[in-house]
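S.K.: Have a look at this one.
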Amino acid sequence: MAAPLVETSDVLILGAGPAGLSAAAGLARLLHTAVVFSTARFRNERARHMHAVPGWDHGDPAAFRAATRAQLLARYATVRFEDREIVRVSKIAAAATGPPLFEAVGADGAAFRGRRVVVASGVRDVMPPDIPGFAELWGYSIFHCLFCHGFEERGRPSAGLLVTGPMANPTMAPAVARMAGRLADRVTVYTNGDAEFGAAMRELLKSTTKYRIEDRKIVSLAKDPDSTPVATPFTTTTTSAAMKQDNTSSSSSASHGLLVTLEDGTVTREAFLAHAPATEQAGPFAAQLGLELEPQGGGGFIKVAAPFPATSVEGVFAAGDCATALRSVPAAMYMGATAAAGVVHSLEAEDDVREEGGGAGGQRDGLKKNGMKVVLASIGS
């Protein structure tokens with residue numbers, strides 16, 4: 001029996017978060033067909049609001065993805081979606097012997113082929129294994145980005161910063177401490193027993209009343225049962241009247257606070273804890289395709305070239321959290337758009353061939369006439 005025919009499309013986009021959706025939109029604008037495979041697993045799945053996204057500030061991330069998907073389906077007939085997990089991607093034709101060709105295989109065994117790949121599969125946060133309670137509070141009272149969630153906590157008496165793992169960085173840690181200091185009256189910097197880094201932080205943070213260094217080890221973290229999620233209007237003597245904001249619309253998204261138990265039994269109360277843990281690639285695709293990684297960024301990310309995020313493997317592009325240490329929705333959307341541009345230029349250059357018999361202005365081939373085909377494989381971003 002002959003093997004089932006596998007449709008060959010122009011592009012496989014692995015991920016349907018902001019980066020993957022942005023890439024799909026750009027490709028659809030140039031008549032590329034797109035098939036979206038989604039497992040509906042996303043890094044910010046615990047978040048109920050997303051911020052600093054023009055037109056969607058304080059909106060639901062899931063609603064954003066759904067609205068974007070609906071817009072693509074309504075306007076572009078070349079885009080379709082399938083809720084399917086992709087488990088393997090491989091290069092089945094090398095550029096040395098002709099144009100590159102890739103194959104993506106779903107968990108159910110279904111195969112899809114494409115001429116280019118955009119990896120937009122995001123990253124996973126690796127919870128610190130030595131701090132009980134961290135994973136349970138992640139995304140609720142512990143935040144990795146104070147641009148993404150911070151304004152909602154303004155006016156609190158005290159906040160914490162955990163400087164372990166990637167956050168034990170003399171450049172990053174003071175910057176995040178000062179950001180937390182904009183939102184709370186005092187900031188406790190927890191080193192979890194790293195007295196040497198604690199001493200460095202004492203030198204880096206000038207104010208001794210605003211910032212307190214805590215070198216005792218953390219025994220556990222827990223939700224504060226006595227805390228009420230209340231944010232107060234943000235006013236300072238140095239802030240203009242235009243920046244003084246009422247918080248009635250955002251108090252419902254403020255955290256419930258947490259209790260930090262130290263090794264000697266001391267319990268401290270914080271409105272929230274800032275910490276960016278180590279990360280890992282959310283899918284196996286970088287390893288399967290042999291993509292080069294950048295070592296920094298709390299676990300590494302796919303190395304790409306600017307301005308169009310091409311990877312170390314010809315025909316493969318990467319966008320979003322999986323390919324940068326600066327992780328936010330606007331950044332992911334930007335990278336998705338530039339990846340789409342890179343793919344478009346790459347494919348159209350490949351398709352620009354001299355017609356048989358030579359001479360310009362001859363009949364275009366069927367592929368050019370009918371538009372390029374694209375597969376968007378979404379496994380979350």
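In the structure tokens, the first chain shown is A, the next is B, and so on; residue numbers restart at 1 for each chain, and ligands run from 1 in the order shown.
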Which parts of region 33-210 of chain A does DSSP call strand (DSSP E) when run on the backbone here, written out as a ChimeraX atom specification?
M.R.: /A:34-37,79-82,86-93,101-106,111-119,123-126,142-143,156-162,184-190
S.K.: Give one line per residue of region 156-181 of chain A that approaches region 293-306 of chain A to at most 12 Å, naming the two atoms of the closest pair and their distance in Å to one decimal, counting only C-alpha atoms; sort by chain then ascending residue number and deliver it as JSON lines.
M.R.:
```
{"residue": "A:Thr164", "atom": "CA", "partner": "A:Gly298", "partner_atom": "CA", "distance": 10.8}
{"residue": "A:Gly165", "atom": "CA", "partner": "A:Gly298", "partner_atom": "CA", "distance": 7.5}
{"residue": "A:Pro166", "atom": "CA", "partner": "A:Gly298", "partner_atom": "CA", "distance": 5.0}
{"residue": "A:Met167", "atom": "CA", "partner": "A:Gly298", "partner_atom": "CA", "distance": 8.3}
{"residue": "A:Ala168", "atom": "CA", "partner": "A:Gly298", "partner_atom": "CA", "distance": 10.4}
{"residue": "A:Asn169", "atom": "CA", "partner": "A:Gly298", "partner_atom": "CA", "distance": 10.5}
{"residue": "A:Met172", "atom": "CA", "partner": "A:Gly297", "partner_atom": "CA", "distance": 11.0}
```
S.K.: Using N, CA and C atoms, can you write the selected residues to a file as an mmCIF file, in the first residue's frame?
M.R.:
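Everything below was put into part_31.cif:
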```
data_model
loop_
_atom_site.group_PDB
_atom_site.id
_atom_site.type_symbol
_atom_site.label_atom_id
_atom_site.label_comp_id
_atom_site.auth_asym_id
_atom_site.auth_seq_id
_atom_site.Cartn_x
_atom_site.Cartn_y
_atom_site.Cartn_z
ATOM 1 N N THR A 164 18.200 34.614 43.506
ATOM 2 C CA THR A 164 18.865 33.334 43.324
ATOM 3 C C THR A 164 18.809 32.972 41.850
ATOM 4 N N GLY A 165 19.609 31.985 41.445
ATOM 5 C CA GLY A 165 19.600 31.567 40.049
ATOM 6 C C GLY A 165 19.971 32.714 39.130
ATOM 7 N N PRO A 166 19.265 32.891 38.022
ATOM 8 C CA PRO A 166 19.579 33.974 37.084
ATOM 9 C C PRO A 166 19.469 35.359 37.706
ATOM 10 N N MET A 167 18.671 35.499 38.775
ATOM 11 C CA MET A 167 18.502 36.807 39.407
ATOM 12 C C MET A 167 19.688 37.195 40.284
ATOM 13 N N ALA A 168 20.588 36.258 40.576
ATOM 14 C CA ALA A 168 21.793 36.584 41.339
ATOM 15 C C ALA A 168 22.804 37.210 40.389
ATOM 16 N N ASN A 169 22.429 38.331 39.859
ATOM 17 C CA ASN A 169 23.179 39.009 38.812
ATOM 18 C C ASN A 169 23.358 40.463 39.231
ATOM 19 N N MET A 172 21.240 42.861 36.925
ATOM 20 C CA MET A 172 19.789 42.721 36.923
ATOM 21 C C MET A 172 19.169 42.962 38.294
#
```
S.K.: For CA of Glu314 (chain A) and CA of Asp351 (chain A), quote the distance in Å rounded to one decimal.
M.R.: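 Interatomic distance here is 16.0 Å.
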S.K.: Find the residues near Ala282 (chain A): any atom within 8 Å, counting only C-alpha atoms, skip ones fewer than 6 places away on the same chain, and give them as a list in words.
M.R.: Ser121, Gly122, Val123, Arg124, Cys322 and Ser381 of chain A
S.K.: Convert the current residue selection to file output with N, CA and C atoms, as a tab-separated table (two decimals), in the first residue's frame.
M.R.:
```tsv
chain	number	residue	atom	x	y	z
A	121	SER	N	7.76	28.53	19.99
A	121	SER	CA	7.18	27.63	21.00
A	121	SER	C	7.38	28.08	22.43
A	122	GLY	N	8.07	29.20	22.64
A	122	GLY	CA	8.20	29.75	23.99
A	122	GLY	C	9.16	28.99	24.88
A	123	VAL	N	9.10	29.31	26.17
A	123	VAL	CA	9.94	28.67	27.17
A	123	VAL	C	9.07	28.25	28.36
A	124	ARG	N	9.63	27.36	29.17
A	124	ARG	CA	9.01	26.97	30.44
A	124	ARG	C	9.85	27.53	31.58
A	322	CYS	N	11.30	32.02	23.09
A	322	CYS	CA	12.30	30.98	22.85
A	322	CYS	C	13.58	31.53	22.24
A	381	SER	N	3.14	29.47	23.49
A	381	SER	CA	4.25	30.42	23.58
A	381	SER	C	4.17	31.17	24.87
```
S.K.: Let me make sure I understand: among A:Leu205, A:Leu347, A:Thr261, A:Ala195, which one has the smallest atom-to-atom distance to Ser9 (chain A) if we use only C-alpha atoms?
M.R.: A:Leu347
S.K.: Between A:Gly315, A:Thr68, A:Met179, A:Thr191, which residue has the minimum interatomic distance to Trp56 (chain A), considering only C-alpha atoms?
M.R.: A:Thr68
S.K.: Mind checking which residues fall within 12 Å of Ala70 (chain A), counting only C-alpha atoms, ignoring those fewer than 4 positions away in the same chain, and posting them as an NGL selection string?
M.R.: :A and (21 or 25 or 63-66 or 74-77 or 79-81)
S.K.: Keeping only C-alpha atoms, write the selected residues as a PDB file, in the first residue's frame.
M.R.:
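As a result, part.pdb now contains:
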```pdb
ATOM      1  CA  LEU A  21       0.131  34.568  15.687  1.00  0.00           C
ATOM      2  CA  ALA A  25      -0.640  37.403  10.234  1.00  0.00           C
ATOM      3  CA  ALA A  63      -9.217  36.374  25.053  1.00  0.00           C
ATOM      4  CA  PHE A  64      -6.410  38.096  23.128  1.00  0.00           C
ATOM      5  CA  ARG A  65      -5.329  34.816  21.550  1.00  0.00           C
ATOM      6  CA  ALA A  66      -8.933  33.887  20.762  1.00  0.00           C
ATOM      7  CA  ALA A  74     -12.455  35.768   9.334  1.00  0.00           C
ATOM      8  CA  ARG A  75     -10.212  37.826   7.063  1.00  0.00           C
ATOM      9  CA  TYR A  76      -7.692  35.402   5.576  1.00  0.00           C
ATOM     10  CA  ALA A  77      -8.984  32.313   3.809  1.00  0.00           C
ATOM     11  CA  VAL A  79      -5.286  30.351   7.446  1.00  0.00           C
ATOM     12  CA  ARG A  80      -6.763  27.346   9.249  1.00  0.00           C
ATOM     13  CA  PHE A  81      -6.327  25.978  12.781  1.00  0.00           C
TER      14      PHE A  81
END
```
S.K.: Out of A:Val126, A:Ala111, A:Leu273, A:Ala62, which residue has the shortest atom-to-atom distance to His149 (chain A) when counting only C-alpha atoms?
M.R.: A:Leu273
S.K.: Give me the residues within 10 Å of Pro330 (chain A) as a list of chain:residue names, counting only C-alpha atoms and dropping any in the same chain fewer than 2 places off.
M.R.: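 After dropping sequence-adjacent residues, the list is A:Pro18, A:Ala19, A:His51, A:Ala52, A:Val53, A:Pro54, A:Gly320, A:Arg327, A:Ser328, A:Ala332, A:Met333, A:Tyr334, A:Met335, A:Gly336.
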S.K.: Ranking A:Leu291, A:Leu221, A:Ala341, A:Leu262 by minimum distance to Pro307 (chain A) and counting only C-alpha atoms, which one comes first?
M.R.: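 Distance minimum relative to Pro307 (chain A) lands on A:Ala341.
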S.K.: If you run DSSP on this backbone, which residues of region 19-228 of chain A come out as helix (DSSP H, G or I), and could you give them as a PyMOL selection string?
M.R.: chain A and resi 19-28+61-75+95-97+134-137+151-153+165-167+172-183+195-204
